[in-house]
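One structure below.
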Amino acid sequence: MNPDLRNASYEQIVEFVFDHHPEDEVDDKWYWKLEPDVQIEPRQAIAFLTRLCQTAGELTKRFTLRQIAEGVNYVFGAGGQYQFSEHLWNPAVAWPERRACIRAIPSLYSQVFEREDDGIGGCAFMLWDWIAYGYCAGSRTPASEPEDARVQDAMFEALVSMLESDHPETLRGAIHGLGHLEHRDGNRVLRELLASSRPLDFEVRRYAAQVLEGHFQ
């Protein structure tokens, strides 16, 4: 497994990320065993994530849903976020490219996560936690950092679009993300969701109320 991806094609990066036997134990995940660290160009990483999300349904023809979940966990979560999703805030990558990537993330839900009731092992619920957590933790400061502000706004737009879904785990994932993102209009959107006449799953409604009260994980 060659962790130098700088000259790799999209298909080669797909194989690098997804072609692994999924492990149940977190400490046994393949990406914790990478030596040396993965090397990839920032713009290349964003282009990969954008295409990945836009064409996510194609992955199901080649990999199991568990393999896809583990790969998504890697590129958006702790395993590989510094090589991949961290570049959403990298000003060295043109803003239109990063914004397009953020707007493509909901396609992962409609094309892959919604194939299973559980959102494929919690990915639907946790993805926005992985990438938006810095806003509630204080490491992202949109009031003083322009990059943090415009990424926050783009993420908010993506999350709001996901509230149109009827899949409970997509809705819970979007609500979870809105809680962590701490966007200025986040609570308003959640109040409007709860006040709407649409039939919401009981757990979705309860979770939205909890997030509004500041009680969520």
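By order in the structure tokens, chains are A, B, ...; within a chain, residues start at 1; ligands start at 1, following the order shown.
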
| message | Excluding region 12-23 of chain A and its own-chain neighbours fewer than 3 positions away, which residues fall within 12 Å of it when counting only C-alpha atoms? Please give them as a VMD selection string. | response | chain A and resid 1 to 9 26 to 32 34 38 to 40 44 to 45 47 to 49 51 to 53 55 to 56 58 to 60 62 to 76 79 to 80 83 to 84 121

Would you mind exporting the chosen residues as a compact mmCIF listing (two decimals), in the first residue's frame, restricted to C-alpha atoms?
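In the end it all went to out00.txt:
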# COMPACT_ATOMS: atom_id res chain seq x y z
CA MET A 1 0.00 0.00 0.00
CA ASN A 2 1.71 3.15 -1.24
CA PRO A 3 0.68 6.21 0.81
CA ASP A 4 2.13 8.64 -1.75
CA LEU A 5 -0.96 9.57 -3.75
CA ARG A 6 0.36 12.71 -5.43
CA ASN A 7 0.52 11.07 -8.86
CA ALA A 8 -2.39 8.69 -8.32
CA SER A 9 -5.52 8.67 -10.46
CA VAL A 26 -11.44 0.77 15.98
CA ASP A 27 -7.77 0.20 16.79
CA ASP A 28 -7.53 -2.42 14.03
CA LYS A 29 -8.58 -0.12 11.20
CA TRP A 30 -6.18 -0.23 8.27
CA TYR A 31 -5.52 3.50 8.27
CA TRP A 32 -3.95 3.49 11.73
CA LEU A 34 -0.09 3.59 7.56
CA VAL A 38 -0.27 9.78 3.34
CA GLN A 39 0.87 12.39 0.86
CA ILE A 40 -1.65 14.11 -1.40
CA GLN A 44 -6.20 16.87 -5.52
CA ALA A 45 -7.75 15.89 -2.18
CA ALA A 47 -11.25 17.12 -6.23
CA PHE A 48 -11.26 13.51 -5.03
CA LEU A 49 -13.81 14.18 -2.28
CA ARG A 51 -16.14 13.39 -7.29
CA LEU A 52 -16.48 10.73 -4.60
CA CYS A 53 -19.60 12.36 -3.18
CA THR A 55 -20.79 9.63 -7.83
CA ALA A 56 -21.03 7.78 -4.51
CA GLU A 58 -20.92 3.84 -8.13
CA LEU A 59 -19.02 2.60 -5.08
CA THR A 60 -21.79 0.13 -4.26
CA ARG A 62 -17.44 -2.49 -6.23
CA PHE A 63 -17.46 -2.46 -2.44
CA THR A 64 -19.65 -3.62 0.40
CA LEU A 65 -21.52 -1.02 2.41
CA ARG A 66 -19.21 -1.71 5.38
CA GLN A 67 -16.16 -1.06 3.21
CA ILE A 68 -17.70 2.20 2.05
CA ALA A 69 -18.52 3.22 5.62
CA GLU A 70 -14.96 2.57 6.73
CA GLY A 71 -13.51 4.54 3.82
CA VAL A 72 -15.84 7.47 4.48
CA ASN A 73 -14.83 7.34 8.13
CA TYR A 74 -11.23 7.60 7.00
CA VAL A 75 -11.46 10.56 4.59
CA PHE A 76 -13.85 12.60 6.75
CA GLY A 79 -8.09 8.58 10.23
CA GLY A 80 -7.45 10.82 7.26
CA GLN A 83 -4.96 14.66 4.35
CA PHE A 84 -8.48 15.04 2.96
CA GLY A 121 -23.23 1.86 10.78

Exercise: region 132-141 of chain A partners within 6 Å, only C-alpha atoms, chain neighbours under 6 positions left out, as a compact mmCIF listing (two decimals) with C-alpha atoms, in the first residue's frame:
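To be explicit, this is the file written out as around.txt:
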# COMPACT_ATOMS: atom_id res chain seq x y z
CA ASP A 148 -14.05 29.53 8.93
CA HIS A 180 -22.06 21.20 16.08
CA LEU A 181 -21.85 23.84 13.35

So that I can check the surroundings of Pro91 (chain A), please list as a CSV table (one decimal) with C-alpha atoms, in the first residue's frame every protein, DNA and RNA residue that reaches within 12 Å of it, counting only C-alpha atoms and ignoring chain neighbours fewer than 2 positions away.
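Dumped to result16.csv:
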chain,number,residue,atom,x,y,z
A,42,PRO,CA,-4.6,19.8,-1.3
A,43,ARG,CA,-6.4,20.5,-4.6
A,46,ILE,CA,-10.7,18.3,-2.6
A,86,GLU,CA,-9.1,19.4,6.4
A,87,HIS,CA,-8.5,21.0,3.1
A,88,LEU,CA,-12.0,22.4,3.0
A,89,TRP,CA,-10.5,25.2,5.0
A,93,VAL,CA,-7.5,25.6,-2.8
A,94,ALA,CA,-9.8,28.0,-4.7
A,95,TRP,CA,-13.0,28.7,-2.8
A,96,PRO,CA,-15.4,27.6,-5.7
A,97,GLU,CA,-13.7,24.1,-5.6
A,98,ARG,CA,-14.1,23.8,-1.9
A,99,ARG,CA,-17.7,25.1,-1.9
A,145,GLU,CA,-11.6,34.0,10.5
A,146,PRO,CA,-13.0,34.5,7.0
A,147,GLU,CA,-12.3,31.0,5.9
A,148,ASP,CA,-14.0,29.5,8.9
A,150,ARG,CA,-17.5,30.9,4.6
A,151,VAL,CA,-17.0,27.2,5.2

| query | Which residues in chain A does DSSP call alpha helix (DSSP H)? List them as an NGL selection string. | reply | :A and (10-18 or 42-54 or 65-76 or 95-104 or 106-111 or 123-137 or 146-162 or 168-181 or 186-195 or 202-212)

So that I can see what lies close to Gly177 (chain A), please list as a compact mmCIF listing (two decimals) with C-alpha atoms, in the first residue's frame the residues with an atom at most 9 Å from it, counting only C-alpha atoms and leaving out residues fewer than 2 positions away in the same chain.
# COMPACT_ATOMS: atom_id res chain seq x y z
CA PHE A 125 -25.14 10.43 11.94
CA MET A 126 -21.44 11.07 12.52
CA LEU A 127 -20.09 12.52 9.26
CA TRP A 128 -20.96 16.14 10.05
CA ASP A 129 -19.77 15.67 13.62
CA TRP A 130 -16.33 14.83 12.23
CA ILE A 131 -16.09 17.90 10.02
CA ALA A 132 -18.15 20.50 11.93
CA TYR A 133 -17.05 19.76 15.49
CA MET A 155 -21.94 23.66 5.38
CA PHE A 156 -25.12 25.23 6.69
CA LEU A 159 -27.22 20.63 5.97
CA ARG A 172 -30.74 13.01 12.44
CA GLY A 173 -27.34 13.46 10.80
CA ALA A 174 -28.30 16.89 9.52
CA ILE A 175 -29.67 17.93 12.91
CA GLY A 179 -25.83 21.42 16.45
CA HIS A 180 -22.06 21.20 16.08
CA LEU A 181 -21.85 23.84 13.35
CA GLU A 182 -23.37 26.55 15.58

| task | Please provide as a PyMOL selection string all residues within 8 Å of Gly57 (chain A), with the sequence filter that same-chain residues fewer than 3 positions apart are discarded (counting only C-alpha atoms). | result | chain A and resi 60-61+108+111-112

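Using only C-alpha atoms, the shortest contact distance between Ala104 (chain A) and any of A:Leu212, A:Leu190, A:Ala154, A:Ala92 is found at A:Ala154.
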
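Picture a line from CA of Val204 (chain A) to CA of Leu171 (chain A); it runs 6.8 Å.
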